[in-house]
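Asker: Structure provided below as structure tokens; questions to follow.
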Amino acid sequence: MLETNLEIPRQYRTEVKQPQIFRVLGQDGEPNEAYEIGYKPTEGELAKAYRWMVVGRTLDKYALMYHRMGKVRSTYGPHEGHEAADAGTALALRPEDWVAPHYRNLTLVIARGVPLEVIWAKFFAKSGDPDKGRNLTIEWGGFKKWRILSIGAPIGHQYVYAAGFAYALRYMKRDEVVAAYIGDGGTSTGGFHAGLNFAGVYKVPAAFFIYNNQYAISMPVARQTAVERLATKAAAYGIEGVSADGMDLLAVVKTAKWAVEKARRGEPALVEYVMYRFGPHTTADDPLTRYRDQKEVEEWRRWDPLARLERFLIRSGIYSESDVRTIWEEAEREVKEAAKAAEAMPDVPVEEAVRDVYSFVPKSLQEWLGEL
Amino acid sequence: MIANMAKAINMALHEEMARDERVVVLGEDVGRRGGVFLVTEGLYERFGPERVIDTPLNEGGILGFALGMAMAGLKPVAEIQFVDFIWTGADELLNHIAKLRYRSGGEYKAPLVVRAPVGSGVKSGLYHSQSPEAVFVHTPGLVVVMPSTPYNAKGLLKAAIRGDDPVVFLEPKILYRSPREEIPDGDYVVEIGKARVAREGDDVTVVAYGAMVHRALEAAEKAKASVEVVDLLTLNPMDVDAVLKSVSKTGRLVVAYDAPKTAGLGAEVAAVVAEKALDKLAAPVVRVAGPDVPQSPVAHDAIYAPTVERILKAIEKVMAY
């Protein structure tokens, strides 16, 4: 048999260039030369972001504790490690912009201005919950007042409706953008691809953020994709992508501002935040006995978003050590007081079970209520 | 004017888009092509590409995009080229569009319309002939409508677009070109949630919807008994009172539907009557439906859906009991 040369010359083949991970802060909180790149947050913005992050971590700690005590009514998804990505992207948005969260955006929700007692009311499924006690703790269903789009648990769909929502904003001639969030597991879904594809085709004002926290429940990111960097996926949709350290507030702010302002010009963009989920996927998960070892967690701990930012703030003279202590103490007090207030709220009335299915209550549902 | 169903739906879209600039149309080939059944013909030229949006080939994309638009305040009318293709968008439709109002405590809503051709009878095979209405009816949050004539198609679609809930609007493709009927000039809507008595009778009730209404009417003409035909029009929420009223009068019930028999709409109609009017029945309920095979084999397409003869036999059966 004749030998055949099957090689296709290089100029006919696609090439994928893996981006470097954009990072500003070292482990000791010292900024590198990338500090000069892009948007520089003001001292006030940094202080605001730090406060959101401290409250986010504190609330997360107590949510886990209250879950163990049986007070949190459904499964809870720990947030530790995600604070900088949430705070940094929130800082890049204007108050009138919208967010399409994924299910682990606790600091983002705080940053959008949702009061702590409202979050607790949701966790406790009390009447102060805008979702009327219908969703899991980390499904943000009815937080429209804070311009948070509604999500359900199935992964990935928020990218598609974020694109549609953004299309509508432009159609209505509004100068607002949508920031859409997804995890690394979500990048395997049809929703991720459809969302970016539609966004690219119609050039909608939306910025897309991937939280690559290394795991989708127990599945490592290498089981989601064969590419090194998730940001390269942007190329397939004709949009630009960037990879950044998602546990470095400064790297997040700079890249998020780039993406959001690009989106405002009608150029959707994608940012992959490389980061880590320190805790389990949910309270029903047990990573250390099942799928990852303590050494890995400890290695990532060295990049803790709060510790690094704190060192930077102290190094820059924005805060003293005692300021930092005060902020943590205040956060702890606020979180506990809010929980107390939410616990005292009445339960969701039973009539609510049949409301909001439609714009009306059908006869069959009225009958069901009558059977109780 | 005299119009067929495709034209009547086209008129509804033209009129609603002209009436309200929040109404946008999206789907595969709906723009320049005017839709594969030409239902969206002329909209692109009249309202432009921002409002008549040719989309990438992705049903999940179309439905999710429409959901986002509706959340923002637009009134999207999304076309799924054939309902058989809707399953790649099932997550969007069943999980998100249907649940949005509920999961958000009423803070958000998705007043959008999903239009799709359904049903057998045009030799289209297993992936262009399905009737999955029972799945949508079984999903709280969705309003499900299936018109039977040009007049009610136009009026129901206009009501669907103006409403505040997500509506799955199923168009029996066998009815697109025939029959034709007079459509009045000027604006009108047909109320969603109301069945109509398509033919009055005293001895037996045939409940049908979509294309089967016409076969039931033909069977009624041929039957020796006096047959009342109830056309559901809205499948969810179903006009249970209309069904019970008719069955209470006639005492006999046949349900005819173009779909696999098991757990179809006929089961629901029979169950409602069993629950609420069993004592009015003089004979067991008979369901006339398709066989439980993938809908619909080309070679046997003509006998898949209830034929006039099968409906007639069912009428005779309940009369003879």
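Ordering of the structure tokens sets the chain letters (A, B, ...), residue numbers begin anew at 1 in every chain, and ligands are numbered from 1 in the order given.
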Write down, as a VMD selection string, each residue of chain B that has any atom within 8 Å of an atom of chain A, counting only C-alpha atoms.

Answerer: chain B and resid 50 55 to 56 58 60 to 61 64 to 74 91 to 92 95 to 96 99 to 108 140 to 142 164 to 165 237

Asker: Do you know which residues are at most 12 Å from A:Ser188 counting only C-alpha atoms, after dropping those on the same chain fewer than 4 positions away, and could you put them as a count of residues only?

Answerer: 21

Asker: For stretch 102-114 of chain A, find every residue with an atom within 8 Å (counting only C-alpha atoms), except residues of its own chain fewer than 4 positions away, and show them as a PyMOL selection string.

Answerer: chain A and resi 49+52-53+55-57+60+77-79+82-83+86-87+90+95+118-119+138-140+146-148+151+153+155+158+180-183

Asker: Limited to C-alpha atoms, could you put the picked residues into a file as a PDB file, in the first residue's frame?

Answerer:
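This went into out-v8.pdb:
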ATOM      1  CA  ALA A  49     -15.198  46.031  48.283  1.00  0.00           C
ATOM      2  CA  TRP A  52     -18.531  43.449  51.198  1.00  0.00           C
ATOM      3  CA  MET A  53     -15.998  40.630  51.276  1.00  0.00           C
ATOM      4  CA  VAL A  55     -19.517  40.569  55.414  1.00  0.00           C
ATOM      5  CA  GLY A  56     -19.742  37.867  52.745  1.00  0.00           C
ATOM      6  CA  ARG A  57     -17.314  35.600  54.531  1.00  0.00           C
ATOM      7  CA  ASP A  60     -21.125  32.379  54.953  1.00  0.00           C
ATOM      8  CA  GLY A  77     -23.676  26.199  49.286  1.00  0.00           C
ATOM      9  CA  PRO A  78     -20.541  27.569  50.963  1.00  0.00           C
ATOM     10  CA  HIS A  79     -19.075  30.668  49.367  1.00  0.00           C
ATOM     11  CA  HIS A  82     -15.407  33.559  45.928  1.00  0.00           C
ATOM     12  CA  GLU A  83     -15.513  36.906  47.729  1.00  0.00           C
ATOM     13  CA  ASP A  86     -18.000  38.856  43.492  1.00  0.00           C
ATOM     14  CA  ALA A  87     -16.854  42.141  44.999  1.00  0.00           C
ATOM     15  CA  ALA A  90     -19.803  44.248  41.429  1.00  0.00           C
ATOM     16  CA  PRO A  95     -26.172  50.632  40.104  1.00  0.00           C
ATOM     17  CA  VAL A 118     -33.600  39.701  53.717  1.00  0.00           C
ATOM     18  CA  ILE A 119     -30.889  37.142  52.938  1.00  0.00           C
ATOM     19  CA  ILE A 138     -28.523  29.858  46.815  1.00  0.00           C
ATOM     20  CA  GLU A 139     -31.150  30.217  44.086  1.00  0.00           C
ATOM     21  CA  TRP A 140     -31.812  33.933  43.730  1.00  0.00           C
ATOM     22  CA  TRP A 146     -31.642  44.904  43.416  1.00  0.00           C
ATOM     23  CA  ARG A 147     -31.419  44.246  39.682  1.00  0.00           C
ATOM     24  CA  ILE A 148     -30.554  40.617  40.172  1.00  0.00           C
ATOM     25  CA  ILE A 151     -32.136  31.944  38.447  1.00  0.00           C
ATOM     26  CA  ALA A 153     -30.755  25.477  39.877  1.00  0.00           C
ATOM     27  CA  ILE A 155     -26.855  25.012  35.316  1.00  0.00           C
ATOM     28  CA  GLN A 158     -28.605  32.240  32.830  1.00  0.00           C
ATOM     29  CA  ALA A 180     -23.718  37.004  33.675  1.00  0.00           C
ATOM     30  CA  TYR A 181     -22.003  34.442  35.913  1.00  0.00           C
ATOM     31  CA  ILE A 182     -21.345  30.743  35.499  1.00  0.00           C
ATOM     32  CA  GLY A 183     -19.084  28.104  37.059  1.00  0.00           C
TER      33      GLY A 183
END

Asker: Rank B:Asp187, B:Leu175, B:Phe136, B:Met5 by their smallest atom-to-atom distance to B:Ser120, using only C-alpha atoms, and report the top residue only.

Answerer: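 When distances to B:Ser120 are compared using only C-alpha atoms, the smallest one comes from B:Leu175.
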
Asker: Report, in Å to a single decimal, how far apart atom CA of A:Leu309 and atom CA of A:Ala34 are.

Answerer: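 It comes out at 15.4 Å.
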
Asker: So, counting only C-alpha atoms, which residue among B:Val204, B:Leu281, B:Val168, B:Leu217 is closest to B:Lys317?

Answerer: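 Result for the nearest residue to B:Lys317: B:Val204.
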
Asker: Excluding B:Leu253 and its own-chain neighbours fewer than 6 positions away, which residues fall within 10 Å of it when counting only C-alpha atoms? Please give them as a list of chain:residue names.

Answerer: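 Skipping anything fewer than 6 positions along the chain leaves B:Asp203, B:Val204, B:Thr205, B:Val206, B:Val207, B:Val227, B:Glu228, B:Val243, B:Ser246, B:Val247, B:Val269, B:Ala270, B:Val273, B:Leu281, B:Ala282, B:Ala283, B:Pro284, B:Val285, B:Val286, B:Arg287, B:Ala314, B:Ile315, B:Val318, B:Met319.
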
Asker: Could you pull the residues within 7 Å of stretch 122-128 of chain B, counting only C-alpha atoms, minus those fewer than 2 positions along the same chain, as a ChimeraX atom specification?

Answerer: /B:82,84,120,130,174,294-298,301

Asker: Identify all residues of stretch 124-272 of chain A in helix (DSSP H, G or I) (DSSP on the backbone) and supply them as an MDAnalysis selection string.

Answerer: chainID A and resid 144:146 157:171 185:188 190:202 221:223 230:237 249:264

Asker: Using C-alpha atoms, can you write the selected residues to a file as a PDB file, in the first residue's frame?

Answerer:
ATOM      1  CA  LYS A 144     -35.506  42.217  41.076  1.00  0.00           C
ATOM      2  CA  LYS A 145     -35.420  45.283  43.304  1.00  0.00           C
ATOM      3  CA  TRP A 146     -31.642  44.904  43.416  1.00  0.00           C
ATOM      4  CA  HIS A 157     -29.393  28.841  31.365  1.00  0.00           C
ATOM      5  CA  GLN A 158     -28.605  32.240  32.830  1.00  0.00           C
ATOM      6  CA  TYR A 159     -26.174  32.935  29.999  1.00  0.00           C
ATOM      7  CA  VAL A 160     -28.969  32.648  27.442  1.00  0.00           C
ATOM      8  CA  TYR A 161     -31.532  34.798  29.146  1.00  0.00           C
ATOM      9  CA  ALA A 162     -28.845  37.324  30.074  1.00  0.00           C
ATOM     10  CA  ALA A 163     -28.179  37.667  26.339  1.00  0.00           C
ATOM     11  CA  GLY A 164     -31.908  38.073  25.628  1.00  0.00           C
ATOM     12  CA  PHE A 165     -32.291  40.563  28.455  1.00  0.00           C
ATOM     13  CA  ALA A 166     -29.325  42.541  27.137  1.00  0.00           C
ATOM     14  CA  TYR A 167     -30.837  42.508  23.642  1.00  0.00           C
ATOM     15  CA  ALA A 168     -34.024  43.974  25.105  1.00  0.00           C
ATOM     16  CA  LEU A 169     -32.091  46.682  26.972  1.00  0.00           C
ATOM     17  CA  ARG A 170     -30.528  47.835  23.740  1.00  0.00           C
ATOM     18  CA  TYR A 171     -33.875  47.566  21.939  1.00  0.00           C
ATOM     19  CA  GLY A 185     -19.024  23.078  35.163  1.00  0.00           C
ATOM     20  CA  GLY A 186     -21.495  25.403  33.513  1.00  0.00           C
ATOM     21  CA  THR A 187     -19.176  25.872  30.551  1.00  0.00           C
ATOM     22  CA  SER A 188     -20.081  22.342  29.465  1.00  0.00           C
ATOM     23  CA  GLY A 190     -25.827  24.039  26.119  1.00  0.00           C
ATOM     24  CA  GLY A 191     -26.839  27.243  27.856  1.00  0.00           C
ATOM     25  CA  PHE A 192     -23.243  28.459  27.985  1.00  0.00           C
ATOM     26  CA  HIS A 193     -22.715  27.895  24.272  1.00  0.00           C
ATOM     27  CA  ALA A 194     -26.117  29.205  23.184  1.00  0.00           C
ATOM     28  CA  GLY A 195     -25.715  32.278  25.373  1.00  0.00           C
ATOM     29  CA  LEU A 196     -22.308  33.224  24.045  1.00  0.00           C
ATOM     30  CA  ASN A 197     -23.326  32.378  20.490  1.00  0.00           C
ATOM     31  CA  PHE A 198     -26.424  34.579  20.588  1.00  0.00           C
ATOM     32  CA  ALA A 199     -24.473  37.335  22.373  1.00  0.00           C
ATOM     33  CA  GLY A 200     -21.773  37.232  19.721  1.00  0.00           C
ATOM     34  CA  VAL A 201     -24.203  37.175  16.798  1.00  0.00           C
ATOM     35  CA  TYR A 202     -26.337  40.071  18.076  1.00  0.00           C
ATOM     36  CA  VAL A 221     -12.151  21.128  35.586  1.00  0.00           C
ATOM     37  CA  ALA A 222     -10.105  18.709  33.459  1.00  0.00           C
ATOM     38  CA  ARG A 223     -13.301  16.659  33.199  1.00  0.00           C
ATOM     39  CA  LEU A 230     -11.663  28.440  29.680  1.00  0.00           C
ATOM     40  CA  ALA A 231     -11.225  31.988  28.367  1.00  0.00           C
ATOM     41  CA  THR A 232     -10.150  30.549  25.006  1.00  0.00           C
ATOM     42  CA  LYS A 233     -13.756  29.475  24.444  1.00  0.00           C
ATOM     43  CA  ALA A 234     -14.662  33.101  23.709  1.00  0.00           C
ATOM     44  CA  ALA A 235     -12.859  32.865  20.373  1.00  0.00           C
ATOM     45  CA  ALA A 236     -15.385  30.384  19.022  1.00  0.00           C
ATOM     46  CA  TYR A 237     -18.113  33.002  19.358  1.00  0.00           C
ATOM     47  CA  LEU A 249      -9.549  41.826  43.982  1.00  0.00           C
ATOM     48  CA  LEU A 250      -7.413  44.175  41.887  1.00  0.00           C
ATOM     49  CA  ALA A 251      -7.104  41.716  39.016  1.00  0.00           C
ATOM     50  CA  VAL A 252     -10.857  41.175  39.143  1.00  0.00           C
ATOM     51  CA  VAL A 253     -11.742  44.867  39.153  1.00  0.00           C
ATOM     52  CA  LYS A 254      -9.455  45.659  36.237  1.00  0.00           C
ATOM     53  CA  THR A 255     -10.643  42.807  34.045  1.00  0.00           C
ATOM     54  CA  ALA A 256     -14.301  43.209  35.011  1.00  0.00           C
ATOM     55  CA  LYS A 257     -14.204  46.929  34.223  1.00  0.00           C
ATOM     56  CA  TRP A 258     -12.660  46.079  30.846  1.00  0.00           C
ATOM     57  CA  ALA A 259     -15.419  43.569  30.101  1.00  0.00           C
ATOM     58  CA  VAL A 260     -18.304  45.683  31.383  1.00  0.00           C
ATOM     59  CA  GLU A 261     -17.309  48.831  29.536  1.00  0.00           C
ATOM     60  CA  LYS A 262     -16.701  46.822  26.377  1.00  0.00           C
ATOM     61  CA  ALA A 263     -20.182  45.367  26.759  1.00  0.00           C
ATOM     62  CA  ARG A 264     -21.595  48.859  27.105  1.00  0.00           C
TER      63      ARG A 264
END

Asker: Can you check which residues of stretch 144-261 of chain A DSSP gives as strand (DSSP E or B) on the backbone and send them as a PyMOL selection string?

Answerer: chain A and resi 148+178-183+206-212+215-216+219-220+240-245

Asker: Emit the selected residues as a short mmCIF file (atom, residue, chain, number, x, y, z; two decimals), in the first residue's frame, including N, CA and C atoms.

Answerer:
data_model
loop_
_atom_site.label_atom_id
_atom_site.label_comp_id
_atom_site.auth_asym_id
_atom_site.auth_seq_id
_atom_site.Cartn_x
_atom_site.Cartn_y
_atom_site.Cartn_z
N ILE A 148 -31.11 41.96 40.27
CA ILE A 148 -30.55 40.62 40.17
C ILE A 148 -31.56 39.78 39.39
N VAL A 178 -25.69 43.79 31.23
CA VAL A 178 -25.94 42.63 32.07
C VAL A 178 -24.60 41.93 32.31
N ALA A 179 -24.33 41.59 33.56
CA ALA A 179 -23.17 40.77 33.89
C ALA A 179 -23.68 39.38 34.23
N ALA A 180 -23.22 38.37 33.48
CA ALA A 180 -23.72 37.00 33.68
C ALA A 180 -22.61 36.13 34.24
N TYR A 181 -22.98 35.27 35.18
CA TYR A 181 -22.00 34.44 35.91
C TYR A 181 -22.27 32.97 35.68
N ILE A 182 -21.20 32.19 35.64
CA ILE A 182 -21.35 30.74 35.50
C ILE A 182 -20.12 30.08 36.14
N GLY A 183 -20.24 28.82 36.52
CA GLY A 183 -19.08 28.10 37.06
C GLY A 183 -18.36 27.33 35.97
N ALA A 206 -23.56 42.63 27.09
CA ALA A 206 -23.45 41.71 28.23
C ALA A 206 -21.99 41.31 28.44
N ALA A 207 -21.60 41.24 29.71
CA ALA A 207 -20.26 40.75 30.08
C ALA A 207 -20.45 39.39 30.73
N PHE A 208 -19.64 38.42 30.34
CA PHE A 208 -19.80 37.06 30.83
C PHE A 208 -18.61 36.69 31.72
N PHE A 209 -18.92 36.18 32.91
CA PHE A 209 -17.87 35.81 33.85
C PHE A 209 -17.95 34.32 34.15
N ILE A 210 -16.80 33.65 34.05
CA ILE A 210 -16.72 32.24 34.45
C ILE A 210 -15.96 32.17 35.77
N TYR A 211 -16.54 31.51 36.76
CA TYR A 211 -15.83 31.25 38.00
C TYR A 211 -15.24 29.85 37.92
N ASN A 212 -13.99 29.80 37.52
CA ASN A 212 -13.32 28.50 37.43
C ASN A 212 -12.76 28.16 38.81
N TYR A 215 -13.76 22.88 40.55
CA TYR A 215 -14.62 21.71 40.73
C TYR A 215 -16.08 22.03 40.42
N ALA A 216 -16.74 21.06 39.78
CA ALA A 216 -18.19 21.10 39.66
C ALA A 216 -18.68 19.91 40.48
N MET A 219 -16.34 16.95 40.21
CA MET A 219 -15.64 16.79 38.94
C MET A 219 -14.61 17.90 38.73
N PRO A 220 -13.34 17.53 38.59
CA PRO A 220 -12.33 18.56 38.35
C PRO A 220 -12.50 19.19 36.97
N GLU A 240 -14.04 38.53 22.68
CA GLU A 240 -12.72 38.46 23.32
C GLU A 240 -12.80 37.84 24.71
N GLY A 241 -11.75 37.12 25.06
CA GLY A 241 -11.70 36.48 26.36
C GLY A 241 -10.43 36.84 27.11
N VAL A 242 -10.52 36.80 28.45
CA VAL A 242 -9.39 37.11 29.31
C VAL A 242 -9.41 36.13 30.47
N SER A 243 -8.23 35.75 30.97
CA SER A 243 -8.15 34.95 32.19
C SER A 243 -7.52 35.80 33.29
N ALA A 244 -8.06 35.68 34.48
CA ALA A 244 -7.50 36.48 35.59
C ALA A 244 -7.60 35.69 36.88
N ASP A 245 -6.82 36.13 37.86
CA ASP A 245 -6.86 35.54 39.20
C ASP A 245 -8.14 36.01 39.89
#

Asker: For the atom pair atom CA of A:Val335 and atom CA of A:Glu117, what is the interatomic distance in Å to one decimal place?

Answerer: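 It comes out at 8.1 Å.
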
Asker: Grab the atom CA of B:Asp29 to atom CA of B:Asp54 distance for me, in Å with one decimal place.

Answerer: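 Computed distance, atom CA of B:Asp29 to atom CA of B:Asp54, equals 5.6 Å.
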
Asker: Measuring atom to atom with only C-alpha atoms, identify which of A:Pro268, A:Ala338, A:Gly128, A:Glu228 is nearest to A:Lys17.

Answerer: A:Glu228
